[in-house]
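Below is data.pdb, which holds PDB, C-alpha atoms.
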ATOM      1  CA  MET B   1      19.716  73.135 -29.711
ATOM      2  CA  SER B   2      17.353  70.190 -30.110
ATOM      3  CA  ARG B   3      18.027  67.328 -32.468
ATOM      4  CA  PRO B   4      15.853  66.996 -35.613
ATOM      5  CA  VAL B   5      13.080  64.409 -35.382
ATOM      6  CA  ARG B   6      13.262  63.306 -39.026
ATOM      7  CA  LEU B   7      16.165  61.172 -40.174
ATOM      8  CA  ASP B   8      16.220  62.905 -43.553
ATOM      9  CA  LEU B   9      16.787  66.266 -41.831
ATOM     10  CA  CYS B  10      19.793  64.999 -39.846
ATOM     11  CA  THR B  11      23.450  64.987 -40.747
ATOM     12  CA  TRP B  12      25.277  61.687 -40.470
ATOM     13  CA  PRO B  13      27.181  62.881 -37.356
ATOM     14  CA  GLU B  14      23.820  63.662 -35.715
ATOM     15  CA  VAL B  15      22.585  60.151 -36.506
ATOM     16  CA  GLU B  16      25.843  58.663 -35.229
ATOM     17  CA  ASP B  17      25.397  60.623 -31.990
ATOM     18  CA  TYR B  18      21.739  59.552 -31.706
ATOM     19  CA  LEU B  19      22.713  55.895 -32.054
ATOM     20  CA  THR B  20      25.000  56.198 -29.017
ATOM     21  CA  THR B  21      21.900  56.820 -26.886
ATOM     22  CA  SER B  22      19.114  54.966 -28.703
ATOM     23  CA  PRO B  23      18.842  52.091 -31.191
ATOM     24  CA  GLY B  24      15.219  52.937 -32.047
ATOM     25  CA  ILE B  25      13.548  54.527 -35.031
ATOM     26  CA  ILE B  26       9.949  55.010 -36.115
ATOM     27  CA  LEU B  27       9.135  53.971 -39.680
ATOM     28  CA  PRO B  28       5.882  55.490 -40.980
ATOM     29  CA  VAL B  29       4.157  53.476 -43.700
ATOM     30  CA  GLY B  30       1.108  54.684 -45.620
ATOM     31  CA  SER B  31      -0.092  54.626 -49.206
ATOM     32  CA  THR B  32      -0.888  56.844 -52.175
ATOM     33  CA  GLU B  33      -4.502  56.095 -53.044
ATOM     34  CA  GLN B  34      -7.951  57.590 -53.324
ATOM     35  CA  HIS B  35      -9.790  58.596 -50.178
ATOM     36  CA  GLY B  36     -13.146  59.616 -51.520
ATOM     37  CA  PRO B  37     -13.900  62.603 -53.719
ATOM     38  CA  MET B  38     -12.771  65.108 -51.066
ATOM     39  CA  GLY B  39      -9.989  63.140 -49.356
ATOM     40  CA  LEU B  40      -6.350  63.662 -50.223
ATOM     41  CA  ILE B  41      -4.627  60.893 -52.154
ATOM     42  CA  GLY B  42      -1.764  61.084 -49.671
ATOM     43  CA  THR B  43      -4.004  60.730 -46.590
ATOM     44  CA  ASP B  44      -2.472  57.449 -45.376
ATOM     45  CA  ALA B  45       1.123  58.592 -45.829
ATOM     46  CA  LEU B  46       0.365  61.982 -44.275
ATOM     47  CA  CYS B  47      -1.347  60.417 -41.254
ATOM     48  CA  ALA B  48       1.522  57.989 -40.680
ATOM     49  CA  SER B  49       4.090  60.793 -40.978
ATOM     50  CA  VAL B  50       2.321  63.289 -38.721
ATOM     51  CA  ILE B  51       1.582  60.733 -36.009
ATOM     52  CA  ALA B  52       5.139  59.349 -36.163
ATOM     53  CA  GLU B  53       6.680  62.820 -35.892
ATOM     54  CA  ALA B  54       4.467  63.752 -32.938
ATOM     55  CA  ALA B  55       5.358  60.515 -31.151
ATOM     56  CA  ALA B  56       9.051  60.974 -31.926
ATOM     57  CA  SER B  57       9.001  64.513 -30.525
ATOM     58  CA  ARG B  58       7.589  63.225 -27.262
ATOM     59  CA  ALA B  59       9.901  60.213 -27.082
ATOM     60  CA  GLY B  60      13.111  61.818 -28.349
ATOM     61  CA  ALA B  61      13.191  59.361 -31.248
ATOM     62  CA  LEU B  62      14.005  59.608 -34.942
ATOM     63  CA  VAL B  63      11.549  59.086 -37.802
ATOM     64  CA  ALA B  64      12.637  57.364 -41.007
ATOM     65  CA  PRO B  65      11.335  58.604 -44.364
ATOM     66  CA  THR B  66       7.741  57.513 -44.962
ATOM     67  CA  LEU B  67       7.093  54.541 -47.214
ATOM     68  CA  ALA B  68       4.219  55.943 -49.265
ATOM     69  CA  ILE B  69       4.156  53.768 -52.394
ATOM     70  CA  THR B  70       2.560  50.517 -51.268
ATOM     71  CA  PRO B  71      -0.027  47.957 -52.444
ATOM     72  CA  ALA B  72      -3.409  49.462 -53.328
ATOM     73  CA  PRO B  73      -4.532  47.465 -56.401
ATOM     74  CA  PHE B  74      -8.204  47.787 -55.407
ATOM     75  CA  ASN B  75      -8.046  51.567 -55.957
ATOM     76  CA  THR B  76      -6.116  51.838 -59.223
ATOM     77  CA  SER B  77      -9.258  52.763 -61.155
ATOM     78  CA  PHE B  78      -9.159  56.108 -59.321
ATOM     79  CA  PRO B  79      -6.821  58.679 -60.926
ATOM     80  CA  GLY B  80      -3.755  59.371 -58.822
ATOM     81  CA  THR B  81      -3.582  56.052 -57.014
ATOM     82  CA  ILE B  82      -0.099  54.546 -57.214
ATOM     83  CA  SER B  83       0.112  50.865 -56.363
ATOM     84  CA  ILE B  84       2.988  48.419 -56.288
ATOM     85  CA  SER B  85       2.707  44.661 -56.046
ATOM     86  CA  ASP B  86       2.654  42.831 -52.752
ATOM     87  CA  THR B  87       5.891  41.115 -53.827
ATOM     88  CA  LEU B  88       7.683  44.397 -54.533
ATOM     89  CA  PHE B  89       6.434  45.983 -51.296
ATOM     90  CA  THR B  90       7.569  42.958 -49.272
ATOM     91  CA  ALA B  91      11.027  43.231 -50.859
ATOM     92  CA  LEU B  92      11.137  47.006 -50.297
ATOM     93  CA  PHE B  93      10.108  46.664 -46.645
ATOM     94  CA  ARG B  94      12.750  43.961 -46.140
ATOM     95  CA  GLU B  95      15.468  46.075 -47.777
ATOM     96  CA  VAL B  96      14.561  49.195 -45.774
ATOM     97  CA  THR B  97      14.431  47.384 -42.433
ATOM     98  CA  ASP B  98      17.625  45.441 -43.207
ATOM     99  CA  GLY B  99      19.310  48.744 -44.059
ATOM    100  CA  LEU B 100      18.161  50.296 -40.790
ATOM    101  CA  PHE B 101      19.396  47.264 -38.843
ATOM    102  CA  ALA B 102      22.763  47.481 -40.614
ATOM    103  CA  GLN B 103      23.079  51.131 -39.545
ATOM    104  CA  GLY B 104      22.508  50.228 -35.889
ATOM    105  CA  PHE B 105      18.761  50.773 -35.531
ATOM    106  CA  TRP B 106      17.957  47.585 -33.626
ATOM    107  CA  ARG B 107      14.425  48.608 -32.695
ATOM    108  CA  ILE B 108      12.109  49.562 -35.547
ATOM    109  CA  TYR B 109       8.620  50.719 -34.619
ATOM    110  CA  VAL B 110       6.436  50.713 -37.713
ATOM    111  CA  LEU B 111       3.559  53.207 -37.614
ATOM    112  CA  ASN B 112       1.163  51.890 -40.260
ATOM    113  CA  ALA B 113      -1.737  53.749 -41.888
ATOM    114  CA  HIS B 114      -2.868  51.373 -44.659
ATOM    115  CA  GLY B 115      -4.469  47.983 -44.082
ATOM    116  CA  ALA B 116      -3.044  46.328 -47.201
ATOM    117  CA  ASN B 117       0.471  46.884 -45.831
ATOM    118  CA  LEU B 118      -0.017  44.663 -42.807
ATOM    119  CA  GLU B 119       0.376  41.163 -44.249
ATOM    120  CA  PRO B 120       3.527  41.899 -46.294
ATOM    121  CA  MET B 121       5.148  43.683 -43.338
ATOM    122  CA  ARG B 122       4.203  40.916 -40.902
ATOM    123  CA  ARG B 123       5.881  38.327 -43.135
ATOM    124  CA  ILE B 124       9.164  40.193 -42.629
ATOM    125  CA  ALA B 125       8.615  41.183 -38.992
ATOM    126  CA  ASP B 126       7.722  37.628 -37.968
ATOM    127  CA  ALA B 127      11.129  36.481 -39.219
ATOM    128  CA  ARG B 128      13.061  39.268 -37.457
ATOM    129  CA  THR B 129      13.490  40.387 -33.891
ATOM    130  CA  GLY B 130      13.292  44.137 -33.395
ATOM    131  CA  ILE B 131      10.387  45.120 -35.663
ATOM    132  CA  ARG B 132       7.097  46.075 -34.038
ATOM    133  CA  ILE B 133       4.123  46.989 -36.213
ATOM    134  CA  ARG B 134       1.163  49.027 -35.014
ATOM    135  CA  SER B 135      -1.530  50.756 -37.028
ATOM    136  CA  TRP B 136      -2.881  54.100 -35.874
ATOM    137  CA  TRP B 137      -6.317  52.541 -35.361
ATOM    138  CA  ASP B 138      -4.992  49.897 -32.925
ATOM    139  CA  PHE B 139      -5.363  52.156 -29.903
ATOM    140  CA  ASP B 140      -8.443  52.405 -27.671
ATOM    141  CA  ALA B 141      -8.241  56.216 -27.390
ATOM    142  CA  VAL B 142      -8.257  56.519 -31.179
ATOM    143  CA  ASN B 143     -11.250  54.209 -31.487
ATOM    144  CA  MET B 144     -13.148  56.246 -28.901
ATOM    145  CA  LEU B 145     -12.570  59.343 -31.046
ATOM    146  CA  ARG B 146     -13.639  57.459 -34.177
ATOM    147  CA  SER B 147     -16.839  56.426 -32.429
ATOM    148  CA  THR B 148     -17.489  59.966 -31.197
ATOM    149  CA  TYR B 149     -16.922  61.613 -34.580
ATOM    150  CA  TYR B 150     -18.277  58.962 -36.953
ATOM    151  CA  GLY B 151     -20.757  56.866 -34.954
ATOM    152  CA  GLU B 152     -21.753  53.841 -37.013
ATOM    153  CA  TRP B 153     -19.480  54.810 -39.886
ATOM    154  CA  GLU B 154     -16.057  53.238 -39.866
ATOM    155  CA  GLY B 155     -14.254  56.538 -39.309
ATOM    156  CA  MET B 156     -11.228  55.396 -41.284
ATOM    157  CA  HIS B 157     -11.016  55.050 -45.039
ATOM    158  CA  ALA B 158     -12.678  57.789 -47.074
ATOM    159  CA  THR B 159     -14.713  59.130 -44.148
TER     160      THR B 159
END
Mind converting the file's structure to structure tokens?
Amino acid sequence: MSRPVRLDLCTWPEVEDYLTTSPGIILPVGSTEQHGPMGLIGTDALCASVIAEAAASRAGALVAPTLAITPAPFNTSFPGTISISDTLFTALFREVTDGLFAQGFWRIYVLNAHGANLEPMRRIADARTGIRIRSWWDFDAVNMLRSTYYGEWEGMHAT
């Protein structure tokens, strides 16, 4: 029987067993904000979660619950957008990563899907060893697909 990929679908003995073989976890981080008139409000959180789970399946890793309530003050005029302050998000990110470290997850790979998350997360990651942050658009293969599908458009937010 294979081990669950998502931390929230594990029992504590399964997590304890996992930590005997790996100190790593993937932390998806997105947002809850508008993505155009046809785009889902949860697009960023969904993208981060789906990509993290696919990567974890291939790597035999665990995925932490997605942080989906993040700074998006520039979109609060759109119904459904939920934004928290940069200060609160920085504190939340610190608390979550500190909690993961305390449990024995010494390597935290953050899979980001929202540009406004980067600066607050980097402030914490720069002060800690063991946190690596990458956004889904950081990879050449992804940017080739964006170029193929969207041409001159950005191929990211609301497209």
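You can rank B:Gln103, B:Thr97, B:Ser49, B:Asn112 by their closest distance to Thr20 in chain B using all atoms listed in the file, and at the top of that list sits B:Gln103.
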**Prompt:** Using only C-alpha atoms, which of the listed residues (B:Val15, B:Ser31, B:Gly36, B:Pro4) sits closest to Glu53 in chain B?
**Reply:**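 Result for the nearest residue to Glu53 in chain B: B:Pro4.
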**Message:** Just checking: using all atoms listed in the file, which residue out of B:Arg123, B:Arg146, B:Thr32, B:Asp98 ends up closest to Thr76 in chain B?
**Reply:** B:Thr32
**Result set, the PyMOL selection byres ((chain B and resi 81-95) around 6) on current file, as a list in words** =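 Going through the file, the PyMOL selection byres ((chain B and resi 81-95) around 6) ends up selecting Thr32, Glu33, Gln34, Thr70, Pro71, Ala72, Pro73, Thr76, Pro79, Gly80, Val96, Thr97, Asp98, Gly99 and Pro120 of chain B.
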**Message:** Applying 12 Å and all atoms listed in the file, which residues near Val50 in chain B remain after dropping the ones on its own chain fewer than 6 positions away? List them as a list in words.
**Reply:** Val5, Arg6, Ile26, Leu27, Pro28, Val29, Gly30, Gly42, Thr43, Asp44, Ala56, Ser57, Val63, Pro65, Thr66, Leu111, Asn112, Ala113 and Trp136 of chain B
**Request:** Can you work out which one of B:Ile124, B:Leu7, B:Ile25, B:Ala68 has the shortest atom-to-atom distance to Gly104 in chain B, counting all atoms listed in the file?
**Result:**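 Nearest to Gly104 in chain B: B:Ile25.
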**Request:** Could you check which of B:Phe101, B:Gly130, B:Ser77, B:Pro37 is closest to Leu19 in chain B, using only C-alpha atoms?
**Result:** B:Phe101
**Top pick for closest residue to Pro23 in chain B, considering B:Met38, B:Leu67, B:Ala102, B:Ile51 and counting all atoms listed in the file** =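 Closest to Pro23 in chain B of all the choices is B:Ala102.
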